[in-house]
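Data block below; observations after.
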Amino acid sequence: MMSRARASLLAATLAAGLAWAGVARGQDPAPAGAEALWLQSITQPMAIGDADGVALCAALHEGLRQGRIPATGIAGLPGADRPRAVALSWSDGRSAARTCFGMGPDAAAALEQACRKALESAPSPRGLRWLKVDIVQRGEAVSNFSPRQSRLPLPSLIGLSFGPVAGFDFLPEQLMAWEMVDPSGQLKVHAISERVLGQEVGRYRSTTERLQDLGRWTAITSFTGGQRVCLFETASFLHDGTQAWPLFRGHRLYENATAAELRGMALEVGERLLGMCGPTGLFASALPEWELGKTQGAMPRDYALALLALVRLHQATGEAGYLKAAERVAPRLVAAVRRYGRAPVAGCLPEMQDIAGTHGVVAQAQITSTLTNALAVVALCELSEALRSEAFHPVLALLAQHLILQLQPGGTVVSAREFPSLDLCPELGGEASGAVLLALASLYGSAAREAFLEHAQAVAEGLQQHRLEPAEMDDLPRDVWLLEGLDRLFTFTRNEALVASAERLALAALLDQSRDVAFPDGYGAVAGELSACATADRSRLLAVAARLLHDRGRAEAADALLAEVRPYVLFQLQSRLTPAEVLYLATPADYLGLFRDHVLDIGIDLRGQATQVLSLLALSGELQRRGLNEFPADLAVERTLAAARARPADSTGFLTPGLAASAAMEGPGQVIQFRDVSQGILTIRPRGAKGGPGDDGSPFVPVRPVEPGQTAPPPERTGRPARR
């Protein structure tokens with residue numbers, strides 16, 4: 001039964017009386033004057049370089065805060081005399097941005113219209129803190145677009161407009177921040193109705209305006225034929241209240257980072273972790289994107305990494321707050337340990353994981369990952385040393401026994417077992433030899449038992465003989481825990497063979513660094529893995545290797561590693577949430593300083609924050625230890641970075657007619673126009689429904705009738721370009 005509120009909403013939507021009438025392909029809406037312009041009228045980009053855009057953004061930020069339209073030099077830029085659209089988005093930092101579009105026969109007119117709309121809006125830009133300016137550089141009409149079937153190409157770079165009358169113009173950053181597009185590129189039609197029109201755009205609309213928006217959107221999405229829309233691409237700039245930056249894909253492209261900046265970023269995440277860590281050691285956040293998609297929430301491995309990050313934050317700063325938080329988290333991790341066996345008793349950390357069952361069915365089972373258990377040992381050992389306490393030694397003994405039982409000849413380990421059966425799960429758990437080596441070396445450092453050192457040496461020797469020395473560079477593992485394990489073991493043994501292996505691992509880690517890229521923000525990613533966490537692990541690996549080489553008198557080799565780690569660092573910093581990335585979220589300030597895993601959504605989790613902290617501390621610590629303000633210069637890095645970042649001031653280049661055509665269905669499309677009507681609303685009564693139209697709880701749904709001549713013509717079998 002439909003709720004009273006929903007029935008009232010339907011009745012109000014019906015009363016709004018919005019209906020559509022199809023217009024044959026090729027006929028554009030014909031409002032008078034400047035409104036006849038649409039984004040497809042923008043056929044040539046305006047030449048606006050980074051310096052021009054930054055100056056424009058700064059002038060607008062100052063002027064709008066004073067309630068005036070500032071003088072800018074936009075009219076003098078090449079291409080500014082052609083049709084142009086400008087979008088202004090502003091926020092006070094506490095609430096989501098309001099956006100206004102301006103369209104005009106030239107850039108100055110478009111900017112003036114956008115400014116006038118902004119100054120007449122609520123909330124007023126007089127209270128703005130952040131301002132984003134989007135200049136539409138190119139528009140491409142799509143003649144046969146279906147909101148329910150078409151797939152948007154590159155939605156993180158290309159916006160979508162349904163036309164000047166429909167009033168639905170979405171910047172690419174809005175498409176992504178509001179999760180309007182599914183992984184295949186299709187619009188989430190119903191989610192847009194509820195979240196975007198009801199909440200995101202709707203927060204600044206009156207009830208009547210929201211109902212009218214819903215009516216138009218229902219008309220658009222109920223139309224079974226193709227319709228005409230426009231894809232568009234922008235040049236974007238953001239002022240964060242301090243300075244302005246050019247943006248790409250809604251985020252800043254970094255050129256370098258200082259040791260102080262890296263340390264500050266790590267501490268900012270650390271403060272956020274302190275705020276999330278409750279009195280029982282549970283990490284919790286009200287952010288809807290926190291641990292999104294994880295039915296079990298944060299797992300023991302996540303808590304082990306978070307514990308390690310807190311301890312290393314304390315080591316780096318001496319701040320007692322980090323150590324106190326670590327003391328709250330550790331008992332939670334210890335409580336998850338399950339004992340098994342007899343004489344000696346062992347203990348492990350089971351985690352719920354999906355496993356492949358019969359007939360393609362995915363089932364859940366308790367799996368104890370050797371990697372998780374090893375990381376828990378490392379974290380508890382470092383906490384014990386920081387506290388100068390043996391309180392965690394009993395549980396460390398249980399976990400150590402479990403790790404020893406997983407050791408295999410040749411330095412390998414059993415990666416995972418089911419629990420409590422202890423059946424092998426070789427396909428789960430991940431590579432764990434390096435983490436086990438680090439755990440055994442850490443146990444020796446914490447408990448000073450020779451047996452742990454002997455086991456660690458046996459693992460290292462087996463790995464060197466069977467995995468490291470015989471392998472070609474391409475086949476070496478890219479494992480930061482293995483590098484840390486070799487470094488820690490060298491502290492106790494002074495075996496120079498460990499240093500040689502560490503250097504080879506570091507050089508291998510550079511082989512996967514992306515430098516020749518199609519998109520400028522792909523520079524520095526791990527090849528084939530656009531993950532900020534994977535990249536952070538590589539940068540930490542190189543920082544640890546550089547420290548080891550420098551300590552062995554290999555300063556030149558250490559400098560070379562620090563110079564070449566820079567692309568990795570530039571990529572991972574793009575995942576940090578700044579005003580640019582959170583501008584369109586409901587409570588943007590709540591996200592600042594956290595890290596997402598990649599630049600295509602806002603998914604954030606505990607593991608990702610800990611991974612970034614560990615990396616940033618290692619990088620900043622090594623730079624500061626060496627007395628370096630930033631990464632050493634490297635000609636190859638400078639050359640490839642310049643090539644990746646190069647973007648001609650008069651071109652954006654990703655939106656092409658062919659790419660736009662990939663969003664079209666086969667056959668001609670129609671343009672949707674809207675007019676007020678008071679009759680002709682049909683209803684569909686679902687089978688078995690009770691009640692009548694207009695009654696409280698009525699399930700009747702408004703549907704616009706398809707009149708003769710309004711159906712889409714038969715599709716033309718001319719084919720269409722393949723989607724890219």
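A note on labels: chains of the structure tokens are A, B, ... as shown, every chain counts residues from 1, and ligands are counted from 1 in their shown order.
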
For this session: For Ala191 (chain A), please output as an MDAnalysis selection string all residues within 10 Å (counting only C-alpha atoms; exclusion window: fewer than 5 positions along the same chain).
Result: chainID A and resid 178:181 196:198

Exercise. If you run DSSP on this backbone, which residues of region 344-519 of chain A come out as alpha helix (DSSP H), and could you give them as a ChimeraX atom specification?
Worked result: /A:370-387,393-405,433-447,450-463,480-493,496-510

Exercise. Pick from A:Leu238, A:Ala532, A:Leu128, A:Ala456: nearest to Gly250 (chain A), with only C-alpha atoms counted?
Worked result: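 Of A:Leu238, A:Ala532, A:Leu128, A:Ala456, the one nearest Gly250 (chain A) is A:Leu238, counting only C-alpha atoms.
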
Exercise. Could you work out how far CA of Ala432 (chain A) lies from CA of Glu484 (chain A), giving the answer in Å with one decimal?
Worked result: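 According to the coordinates, CA of Glu484 (chain A) and CA of Ala432 (chain A) are separated by 12.8 Å.
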
Exercise. Which is closest to Ala580 (chain A) among A:His455, A:Arg263, A:His239, A:His402, if we use only C-alpha atoms?
Worked result: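 Nearest to Ala580 (chain A): A:His239.
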
For this session: Find the residues near region 413-426 of chain A: any atom within 10 Å, counting only C-alpha atoms, skip ones fewer than 6 places away on the same chain, and give them as a list in words.
Result: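 Contacts, in chain order: Arg338, Arg339, Tyr340, Cys348, Leu349, Pro350, Glu351, Met352, Gln353, Ile355, Ala365, Gln366, Ile367, Thr368, Ser369, Thr370, Leu371, Thr372, Asn373, Leu403, Ile404, Leu405, Gln406, Leu407, Ala432, Ser433, Gly434, Val436 and Val459 of chain A.
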
Keeping C-alpha atoms, export the residues of the selection given above as a compact mmCIF listing (two decimals), in the first residue's frame.
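Now in part37.txt:
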# COMPACT_ATOMS: atom_id res chain seq x y z
CA ARG A 338 40.35 -17.75 17.77
CA ARG A 339 42.33 -20.50 19.48
CA TYR A 340 42.74 -23.99 18.01
CA CYS A 348 44.28 -17.04 14.16
CA LEU A 349 42.00 -14.29 12.88
CA PRO A 350 39.08 -15.63 10.81
CA GLU A 351 37.34 -13.29 8.35
CA MET A 352 34.13 -13.77 6.39
CA GLN A 353 34.89 -14.00 2.67
CA ILE A 355 34.01 -18.20 -1.99
CA ALA A 365 32.84 -18.87 4.68
CA GLN A 366 35.21 -18.08 7.52
CA ILE A 367 38.71 -17.85 6.07
CA THR A 368 41.87 -17.18 8.02
CA SER A 369 44.32 -15.36 5.78
CA THR A 370 48.01 -15.73 6.57
CA LEU A 371 48.54 -12.16 5.39
CA THR A 372 45.97 -10.85 7.89
CA ASN A 373 47.52 -12.81 10.76
CA LEU A 403 52.32 -18.47 11.25
CA ILE A 404 54.97 -21.10 11.90
CA LEU A 405 52.47 -23.83 11.01
CA GLN A 406 51.97 -22.20 7.60
CA LEU A 407 55.67 -22.27 6.63
CA ALA A 432 51.88 -13.63 2.32
CA SER A 433 55.56 -14.69 2.38
CA GLY A 434 56.83 -11.13 2.72
CA VAL A 436 55.32 -13.47 7.38
CA VAL A 459 61.98 -17.78 5.01

Exercise. Nearest to Phe223 (chain A) among A:Phe145, A:Phe595, A:Phe519, A:Phe654, with distances taken over only C-alpha atoms: which residue is it?
Worked result: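 Checking each of A:Phe145, A:Phe595, A:Phe519, A:Phe654 against Phe223 (chain A), counting only C-alpha atoms, the winner is A:Phe145.
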